[in-house]
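Below is one structure, written out as structure tokens; comments come after it.
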Amino acid sequence: MGALFDGYDPSRAWDEMLADAGSPRTTYKAVHHTLRSMTSTSLTERVETLARNYLDQGVTFDHAGEERPFPLDAVPRVISALEWDVIESGVIQRVTALEALLDDIYSREGDIPRAVHQGILPWQLIASSSHYHRAVMGIRPVNGVRIQVAGVDLIRDEHGTFRVLEDNVRVPSGVSYVIANRRAMANVFPEAFATMRIRPVHDYPRMLLSALRASAPDGAHDPTVVVLTPGVYNSAYFEHALLARMMGVELVEGRDLVCTGGQVRMRTTSGDRPVDVIYRRVDDEFLDPVHFRGDSVLGVAGLVSAMRSGRVSLANAVGNGVADDKLVYSYLPDLIRFYLDEDPILPNVDTYRCNEPGALQHVLDHLDSMVVKPVDGSGGKGIVIGPRADGPTLDRLRTSLRANPRNWIAQPVVQLSTVPTFIDGRLAPRHVDLRPFAVNDGDEIRVLPGGLTRVALPEGELVVNSSQGGGSKDTWVLAARGTPVGGPTKRSQDGREVIVMTPPTASYEDSLRAQQQQQQQTQRQTPLHTAPEEPSC
């Protein structure tokens with residue numbers, strides 16, 4: 001009994017399952033009891049079933065040229081109803097403030113943003129962001145929504161406090177793994193879903209489609225929605241295809257669309273068909289070769305003009321990346337107070353702005369104890385963790401910081417919370433983060449109950465990216481008493497979803513597309529990094 005926990009030591013981090021005395025926290029009592037009654041052999045069998053389930057679904061990622069099932073750990077991450085209320089309220093508050101910021105920046109063409117006029121945010125910070133696009137100044141969304149989908153990355157510090165690590169309001173990815181994780185866990189651990197009040201996640205495609213349809217141009221009574229993907233070479237293609245299929249809309253590439261007369265049309269076997277809403281999974285720089293990269297073959301020429309004429313809507317909006325800038329992130333608590341007249345519900349991680357001389361000097365003096373990040377990085381690219389970096393890396397970083405301090409922020413090393421994870425036949429503490437997904441339809445911001453929990457599988461690792469050997473956990477949000485809970489989605493053998501990831505025979509144009517799809521994922525990578533990019537989340 002309890003052999004799986006032999007030698008379990010949560011160390012200095014906040015362990016989400018076990019308190020200091022080794023007793024389970026209330027939220028985890030049922031899961032802890034189940035694990036103590038299992039043997040290593042029985043849990044291994046279920047882990048192998050999870051892997052086969054993922055292979056059957058086609059939920060894989062590329063690792064060193066080999067397609068592998070995306071690592072899903074058998075031990076879930078459990079969040080109480082009370083904890084989730086705080087997370088949900090904090091995410092909604094944050095998305096509301098980010099919407100206000102983007103409206104302030106882009107809708108007031110010719111006017112200084114209010115936040116700048118009031119001294120909350122420096123204009124130079126906005127104008128110098130690599131994701132600020134003057135080409136879309138003055139374009140106002142029909143329903144006022146620029147962030148149809150947001151992914152807000154949270155960590156839990158040494159004291160058990162949830163903190164925001166970064167915001168993702170460009171093209172946040174990873175929700176496909178939330179859905180796939182739940183399906184796999186419901187099949188392999190059906191007894192848990194029969195006895196615990198776990199809130200479902202299967203409603204996400206309906207939520208997303210509703211938000212996309214709500215953003216359609218005026219006069220589109222039955223709007224045509226499409227998902228725009230860079231193509232099969234993109235590491236997140238599984239997600240693009242899954243969401244398109246579950247929403248019942250077309251999955252298209254740029255070559256499937258044409259812009260004529262200020263309208264975007266989709267080529268079909270029965271002729272061109274007008275498109276009203278594009279859920280784009282292509283980065284801004286590749287969307288329209290007229291206004292951005294002239295060599296792009298992933299987007300549609302004339303797309304920005306069609307947006308300006310009000311004939312098509314894009315979700316998420318072009319230019320949202322200025323709100324993802326990690327230097328802007330450091331101002332979010334003040335922006336929440338300014339736009340909403342509220343105190344932040346979820347605090348930031350303490351952040352040093354390297355463009356401020358005093359902060360820069362402090363970072364340079366303590367570089368070996370700081371985490372330094374490029375302001376426009378994503379997926380772990382460009383991060384330098386001071387305590388683990390060697391001397392030459394720190395020397396190159398010092399040079400980069402002095403040469404262009406605007407491009408960097410620094411944060412103290414935070415010991416992310418741990419959750420028991422099945423490693424080599426036993427349970428061991430591994431660090432996790434959490435990405436809740438929020439969907440905004442203009443009337444309401446809804447947060448999917450759970451989100452993507454990413455886990456760093458190597459011992460002591462703080463970077464949770466898949467390319468660092470990380471995986472994921474199913475995130476169980478417990479329902480409050482009296483709250484109805486829907487059952488897990490059931491699928492028959494005939495209804496099994498399998499996505500073929502093998503690309504077609506490559507032509508020269510396909511090769512160019514593949515290169516640009518890779519560029520889209522790596523274009524913001526800096527030479528100073530210790531954390532490789534993650535495949536899709």
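Ordering of the structure tokens sets the chain letters (A, B, ...), residue numbers begin anew at 1 in every chain, and ligands are numbered from 1 in the order given.
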
Nearby residues (only C-alpha atoms) at most 12 Å from His32 of chain A, same-chain spacing under 5 positions excluded, as a PDB file with N, CA, C and O atoms, in the first residue's frame:
ATOM      1  N   MET A   1       0.839  -1.198   0.000  1.00  0.00           N
ATOM      2  CA  MET A   1       0.000   0.000   0.000  1.00  0.00           C
ATOM      3  C   MET A   1       0.871   1.244   0.000  1.00  0.00           C
ATOM      4  O   MET A   1       1.772   1.402   0.824  1.00  0.00           O
ATOM      5  N   GLY A   2       0.620   2.135  -0.951  1.00  0.00           N
ATOM      6  CA  GLY A   2       1.329   3.401  -0.979  1.00  0.00           C
ATOM      7  C   GLY A   2       2.731   3.316  -1.531  1.00  0.00           C
ATOM      8  O   GLY A   2       3.499   4.269  -1.404  1.00  0.00           O
ATOM      9  N   LEU A   4       3.839   3.500  -4.443  1.00  0.00           N
ATOM     10  CA  LEU A   4       4.094   4.473  -5.499  1.00  0.00           C
ATOM     11  C   LEU A   4       4.693   5.763  -4.949  1.00  0.00           C
ATOM     12  O   LEU A   4       5.388   6.499  -5.660  1.00  0.00           O
ATOM     13  N   PHE A   5       4.418   6.065  -3.678  1.00  0.00           N
ATOM     14  CA  PHE A   5       4.901   7.305  -3.067  1.00  0.00           C
ATOM     15  C   PHE A   5       6.227   7.122  -2.325  1.00  0.00           C
ATOM     16  O   PHE A   5       6.703   8.073  -1.699  1.00  0.00           O
ATOM     17  N   GLU A  16       1.030  20.361  -4.788  1.00  0.00           N
ATOM     18  CA  GLU A  16      -0.414  20.560  -4.863  1.00  0.00           C
ATOM     19  C   GLU A  16      -1.200  19.396  -4.280  1.00  0.00           C
ATOM     20  O   GLU A  16      -2.355  19.565  -3.893  1.00  0.00           O
ATOM     21  N   MET A  17      -0.596  18.221  -4.168  1.00  0.00           N
ATOM     22  CA  MET A  17      -1.300  17.080  -3.601  1.00  0.00           C
ATOM     23  C   MET A  17      -1.023  16.914  -2.114  1.00  0.00           C
ATOM     24  O   MET A  17      -1.949  16.664  -1.330  1.00  0.00           O
ATOM     25  N   LEU A  18       0.234  17.041  -1.700  1.00  0.00           N
ATOM     26  CA  LEU A  18       0.626  16.714  -0.329  1.00  0.00           C
ATOM     27  C   LEU A  18       1.043  17.959   0.446  1.00  0.00           C
ATOM     28  O   LEU A  18       1.800  18.796  -0.058  1.00  0.00           O
ATOM     29  N   GLY A  22       2.909  15.436   4.710  1.00  0.00           N
ATOM     30  CA  GLY A  22       2.736  14.271   3.855  1.00  0.00           C
ATOM     31  C   GLY A  22       1.294  13.835   3.702  1.00  0.00           C
ATOM     32  O   GLY A  22       1.009  12.887   2.971  1.00  0.00           O
ATOM     33  N   SER A  23       0.371  14.514   4.378  1.00  0.00           N
ATOM     34  CA  SER A  23      -1.044  14.176   4.245  1.00  0.00           C
ATOM     35  C   SER A  23      -1.623  14.884   3.032  1.00  0.00           C
ATOM     36  O   SER A  23      -1.201  15.990   2.681  1.00  0.00           O
ATOM     37  N   PRO A  24      -2.609  14.268   2.371  1.00  0.00           N
ATOM     38  CA  PRO A  24      -3.151  14.872   1.154  1.00  0.00           C
ATOM     39  C   PRO A  24      -3.990  16.111   1.459  1.00  0.00           C
ATOM     40  O   PRO A  24      -4.692  16.174   2.472  1.00  0.00           O
ATOM     41  N   ARG A  25      -3.888  17.095   0.587  1.00  0.00           N
ATOM     42  CA  ARG A  25      -4.759  18.258   0.689  1.00  0.00           C
ATOM     43  C   ARG A  25      -6.180  17.830   0.345  1.00  0.00           C
ATOM     44  O   ARG A  25      -6.398  16.851  -0.377  1.00  0.00           O
ATOM     45  N   THR A  26      -7.156  18.561   0.854  1.00  0.00           N
ATOM     46  CA  THR A  26      -8.565  18.171   0.706  1.00  0.00           C
ATOM     47  C   THR A  26      -8.944  17.924  -0.741  1.00  0.00           C
ATOM     48  O   THR A  26      -9.623  16.936  -1.070  1.00  0.00           O
ATOM     49  N   THR A  27      -8.496  18.781  -1.645  1.00  0.00           N
ATOM     50  CA  THR A  27      -8.860  18.669  -3.057  1.00  0.00           C
ATOM     51  C   THR A  27      -8.410  17.344  -3.659  1.00  0.00           C
ATOM     52  O   THR A  27      -9.052  16.803  -4.556  1.00  0.00           O
ATOM     53  N   SER A  37      -3.854   2.832  -3.438  1.00  0.00           N
ATOM     54  CA  SER A  37      -4.378   1.470  -3.568  1.00  0.00           C
ATOM     55  C   SER A  37      -3.889   0.776  -4.836  1.00  0.00           C
ATOM     56  O   SER A  37      -4.216  -0.392  -5.071  1.00  0.00           O
ATOM     57  N   MET A  38      -3.100   1.500  -5.662  1.00  0.00           N
ATOM     58  CA  MET A  38      -2.632   0.937  -6.925  1.00  0.00           C
ATOM     59  C   MET A  38      -1.185   0.485  -6.809  1.00  0.00           C
ATOM     60  O   MET A  38      -0.409   1.008  -6.006  1.00  0.00           O
ATOM     61  N   VAL A  75      -1.516  10.938 -13.708  1.00  0.00           N
ATOM     62  CA  VAL A  75      -2.004  11.587 -12.489  1.00  0.00           C
ATOM     63  C   VAL A  75      -2.551  12.963 -12.862  1.00  0.00           C
ATOM     64  O   VAL A  75      -1.815  13.810 -13.368  1.00  0.00           O
ATOM     65  N   PRO A  76      -3.833  13.227 -12.614  1.00  0.00           N
ATOM     66  CA  PRO A  76      -4.411  14.510 -13.018  1.00  0.00           C
ATOM     67  C   PRO A  76      -3.981  15.639 -12.092  1.00  0.00           C
ATOM     68  O   PRO A  76      -3.503  15.416 -10.976  1.00  0.00           O
ATOM     69  N   ARG A  77      -4.149  16.837 -12.571  1.00  0.00           N
ATOM     70  CA  ARG A  77      -4.008  18.023 -11.729  1.00  0.00           C
ATOM     71  C   ARG A  77      -5.433  18.434 -11.316  1.00  0.00           C
ATOM     72  O   ARG A  77      -6.311  18.588 -12.158  1.00  0.00           O
ATOM     73  N   VAL A  78      -5.685  18.574 -10.014  1.00  0.00           N
ATOM     74  CA  VAL A  78      -7.033  18.816  -9.499  1.00  0.00           C
ATOM     75  C   VAL A  78      -7.094  20.219  -8.910  1.00  0.00           C
ATOM     76  O   VAL A  78      -6.222  20.628  -8.141  1.00  0.00           O
ATOM     77  N   ALA A 192     -13.219   7.353 -12.038  1.00  0.00           N
ATOM     78  CA  ALA A 192     -13.020   8.683 -11.447  1.00  0.00           C
ATOM     79  C   ALA A 192     -14.141   9.619 -11.856  1.00  0.00           C
ATOM     80  O   ALA A 192     -14.643  10.408 -11.048  1.00  0.00           O
ATOM     81  N   VAL A 419       3.297  18.537  -8.860  1.00  0.00           N
ATOM     82  CA  VAL A 419       2.213  17.554  -8.779  1.00  0.00           C
ATOM     83  C   VAL A 419       2.848  16.181  -8.962  1.00  0.00           C
ATOM     84  O   VAL A 419       3.749  16.025  -9.798  1.00  0.00           O
ATOM     85  N   PRO A 420       2.429  15.168  -8.188  1.00  0.00           N
ATOM     86  CA  PRO A 420       2.988  13.821  -8.392  1.00  0.00           C
ATOM     87  C   PRO A 420       2.840  13.373  -9.845  1.00  0.00           C
ATOM     88  O   PRO A 420       1.770  13.518 -10.450  1.00  0.00           O
ATOM     89  N   LEU A 427       5.985   7.515  -8.247  1.00  0.00           N
ATOM     90  CA  LEU A 427       5.528   8.898  -8.329  1.00  0.00           C
ATOM     91  C   LEU A 427       6.623   9.830  -7.817  1.00  0.00           C
ATOM     92  O   LEU A 427       7.242   9.575  -6.777  1.00  0.00           O
TER      93      LEU A 427
END

List as a PyMOL selection string the protein and nucleic acid residues near Ala317 of chain A, meaning an atom at most 8 Å away when only C-alpha atoms are counted, but skip any in the same chain fewer than 4 places from it.
chain A and resi 146-147+170

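You can rank A:Leu102, A:Leu257, A:Val318, A:Val178 by their closest distance to Asp283 of chain A using only C-alpha atoms, and at the top of that list sits A:Val318.
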
Can you tell me, as a count of residues only, what residues are no more than 9 Å from Leu448 of chain A when counting only C-alpha atoms, ignoring any on the same chain fewer than 6 positions away?
9

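Interatomic distance, atom CA of Asp390 of chain A against atom CA of Thr351 of chain A: 22.7 Å.
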
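Remark: for Ala97 of chain A, the closest of the candidate residues A:Ala180, A:Ala220, A:Gln411, A:Asp167 is A:Asp167 (distances computed over only C-alpha atoms).
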
In Å to one decimal, how far is atom CA of Val328 of chain A from atom CA of Leu367 of chain A?
21.8 Å

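For the residues A:Gly451, A:Gly58, A:Pro347, A:Gly460, ranking by smallest atom-to-atom distance to Gly174 of chain A using only C-alpha atoms places A:Gly451 first.
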
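If you count only C-alpha atoms and ignore residues fewer than 4 places along the chain from Ser210 of chain A, what sits within 7 Å of it is Arg206, Ala214 and Asp441 of chain A.
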
Atoms kept (N, CA, C and O atoms) for selection, written as a CSV table (one decimal), in the first residue's frame:
chain,number,residue,atom,x,y,z
A,206,ARG,N,-18.2,24.5,-29.3
A,206,ARG,CA,-19.4,25.3,-29.5
A,206,ARG,C,-19.2,26.7,-29.0
A,206,ARG,O,-19.7,27.7,-29.6
A,214,ALA,N,-20.3,35.4,-33.9
A,214,ALA,CA,-20.7,36.7,-33.3
A,214,ALA,C,-19.9,37.8,-33.8
A,214,ALA,O,-20.3,39.0,-33.8
A,441,ASP,N,-17.3,36.4,-26.8
A,441,ASP,CA,-18.2,36.5,-27.9
A,441,ASP,C,-18.8,37.9,-27.9
A,441,ASP,O,-19.7,38.2,-28.7

Using atom CA of Met185 of chain A and atom CA of Asp474 of chain A as the two end points, give the distance in Å to one decimal.
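Interatomic distance, atom CA of Met185 of chain A to atom CA of Asp474 of chain A: 7.3 Å.
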
For Ala184 of chain A, find every residue with an atom within 12 Å (counting only C-alpha atoms), except residues of its own chain fewer than 2 positions away, and show them as a PDB file with C-alpha atoms, in the first residue's frame.
ATOM      1  CA  ARG A  46      -3.077   2.420 -17.682  1.00  0.00           C
ATOM      2  CA  VAL A  47      -0.237   4.665 -18.818  1.00  0.00           C
ATOM      3  CA  GLU A  48       0.382   2.366 -21.776  1.00  0.00           C
ATOM      4  CA  THR A  49      -3.322   2.452 -22.600  1.00  0.00           C
ATOM      5  CA  LEU A  50      -3.226   6.263 -22.570  1.00  0.00           C
ATOM      6  CA  ALA A  51      -0.320   6.217 -25.040  1.00  0.00           C
ATOM      7  CA  ARG A  52      -2.157   3.814 -27.360  1.00  0.00           C
ATOM      8  CA  ASN A  53      -5.263   5.977 -27.110  1.00  0.00           C
ATOM      9  CA  TYR A  54      -3.246   8.994 -28.228  1.00  0.00           C
ATOM     10  CA  LEU A  55      -1.695   7.103 -31.117  1.00  0.00           C
ATOM     11  CA  ASP A  56      -5.178   6.042 -32.241  1.00  0.00           C
ATOM     12  CA  GLN A  57      -6.326   9.673 -32.173  1.00  0.00           C
ATOM     13  CA  VAL A  59      -2.202  13.073 -31.046  1.00  0.00           C
ATOM     14  CA  PHE A  70       2.122  13.449 -26.850  1.00  0.00           C
ATOM     15  CA  PRO A  71       3.123  12.617 -23.243  1.00  0.00           C
ATOM     16  CA  LEU A  72       0.021  12.554 -21.026  1.00  0.00           C
ATOM     17  CA  ASP A  73       0.714  11.762 -17.398  1.00  0.00           C
ATOM     18  CA  ALA A  74      -1.749   9.461 -15.656  1.00  0.00           C
ATOM     19  CA  PRO A  76      -4.411  14.510 -13.018  1.00  0.00           C
ATOM     20  CA  TYR A 177      -4.671  18.749 -25.853  1.00  0.00           C
ATOM     21  CA  VAL A 178      -7.200  19.801 -23.208  1.00  0.00           C
ATOM     22  CA  ILE A 179      -9.927  18.068 -25.208  1.00  0.00           C
ATOM     23  CA  ALA A 180      -7.801  15.044 -26.134  1.00  0.00           C
ATOM     24  CA  ASN A 181      -6.531  14.625 -22.561  1.00  0.00           C
ATOM     25  CA  ARG A 182     -10.056  14.507 -21.210  1.00  0.00           C
ATOM     26  CA  ALA A 186     -12.355   9.338 -19.391  1.00  0.00           C
ATOM     27  CA  ASN A 187     -11.706   6.128 -21.320  1.00  0.00           C
ATOM     28  CA  VAL A 188      -8.878   4.885 -19.092  1.00  0.00           C
ATOM     29  CA  PHE A 189     -10.139   6.077 -15.681  1.00  0.00           C
ATOM     30  CA  PRO A 190     -13.953   5.912 -16.043  1.00  0.00           C
ATOM     31  CA  PHE A 193     -15.598  10.436 -13.597  1.00  0.00           C
ATOM     32  CA  LYS A 473      -1.815  16.444 -17.384  1.00  0.00           C
ATOM     33  CA  ASP A 474      -5.578  16.400 -17.530  1.00  0.00           C
ATOM     34  CA  PRO A 488     -17.682  12.903 -20.297  1.00  0.00           C
ATOM     35  CA  THR A 489     -18.043  12.699 -24.038  1.00  0.00           C
ATOM     36  CA  LYS A 490     -18.446   9.132 -25.302  1.00  0.00           C
ATOM     37  CA  ARG A 491     -17.217   7.957 -28.676  1.00  0.00           C
ATOM     38  CA  ARG A 496     -12.816   7.529 -33.563  1.00  0.00           C
TER      39      ARG A 496
END

Please list as a VMD selection string every residue within 8 Å of Asp157 of chain A, counting only C-alpha atoms and excluding residues in the same chain fewer than 5 positions away.
chain A and resid 13 to 14 162 to 163 414 to 417

Per residue of segment 447-484 of chain A within 9 Å of segment 370-384 of chain A, which atom pair is closest and at what distance in Å (one decimal), using only C-alpha atoms, listed by chain and increasing number, as a tab-separated table?
residue	atom	partner	partner_atom	distance
A:Val463	CA	A:Gly380	CA	7.2
A:Val464	CA	A:Gly380	CA	8.4
A:Asn465	CA	A:Gly380	CA	6.8

Got time to write the residues from that selection, N, CA and C atoms, as a PDB file, in the first residue's frame?
ATOM      1  N   VAL A 463      11.333  24.481 -17.133  1.00  0.00           N
ATOM      2  CA  VAL A 463      10.755  24.767 -18.439  1.00  0.00           C
ATOM      3  C   VAL A 463       9.871  23.598 -18.839  1.00  0.00           C
ATOM      4  N   VAL A 464       8.585  23.879 -19.083  1.00  0.00           N
ATOM      5  CA  VAL A 464       7.613  22.804 -19.277  1.00  0.00           C
ATOM      6  C   VAL A 464       7.359  22.481 -20.749  1.00  0.00           C
ATOM      7  N   ASN A 465       8.093  23.083 -21.663  1.00  0.00           N
ATOM      8  CA  ASN A 465       7.844  22.890 -23.085  1.00  0.00           C
ATOM      9  C   ASN A 465       8.024  21.431 -23.500  1.00  0.00           C
TER      10      ASN A 465
END

Secondary structure check, helix (DSSP H, G or I) residues of segment 306-338 of chain A, as a count of residues only:
18

Find the residue from A:Ala19, A:Leu397, A:Gly7, A:Thr195 that sits nearest to Val31 of chain A; use only C-alpha atoms when measuring.
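Answer, going by the shortest atom-to-atom distance: A:Thr195.
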
When DSSP works through the backbone of this structure, what residues of segment 127-283 of chain A end up as strand (DSSP E or B), shown as a PyMOL selection string?
chain A and resi 149-156+162-168+198+225-228+250-252+257-260+263-266+273-274+277-280

Find the spatial neighbours of Leu101 of chain A, counting only C-alpha atoms, within a cut-off of 9 Å - ignore same-chain residues fewer than 3 positions away - and output them as a list in words.
Thr96, Ala97, Leu98, Asp104, Ile105, Tyr106, Pro113, Ala115, Ala323, Leu335 and Tyr339 of chain A

Pick from A:Leu360, A:Met246, A:Ile155, A:Val142: nearest to Leu314 of chain A, with only C-alpha atoms counted?
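Selected residue with least distance to Leu314 of chain A: A:Val142.
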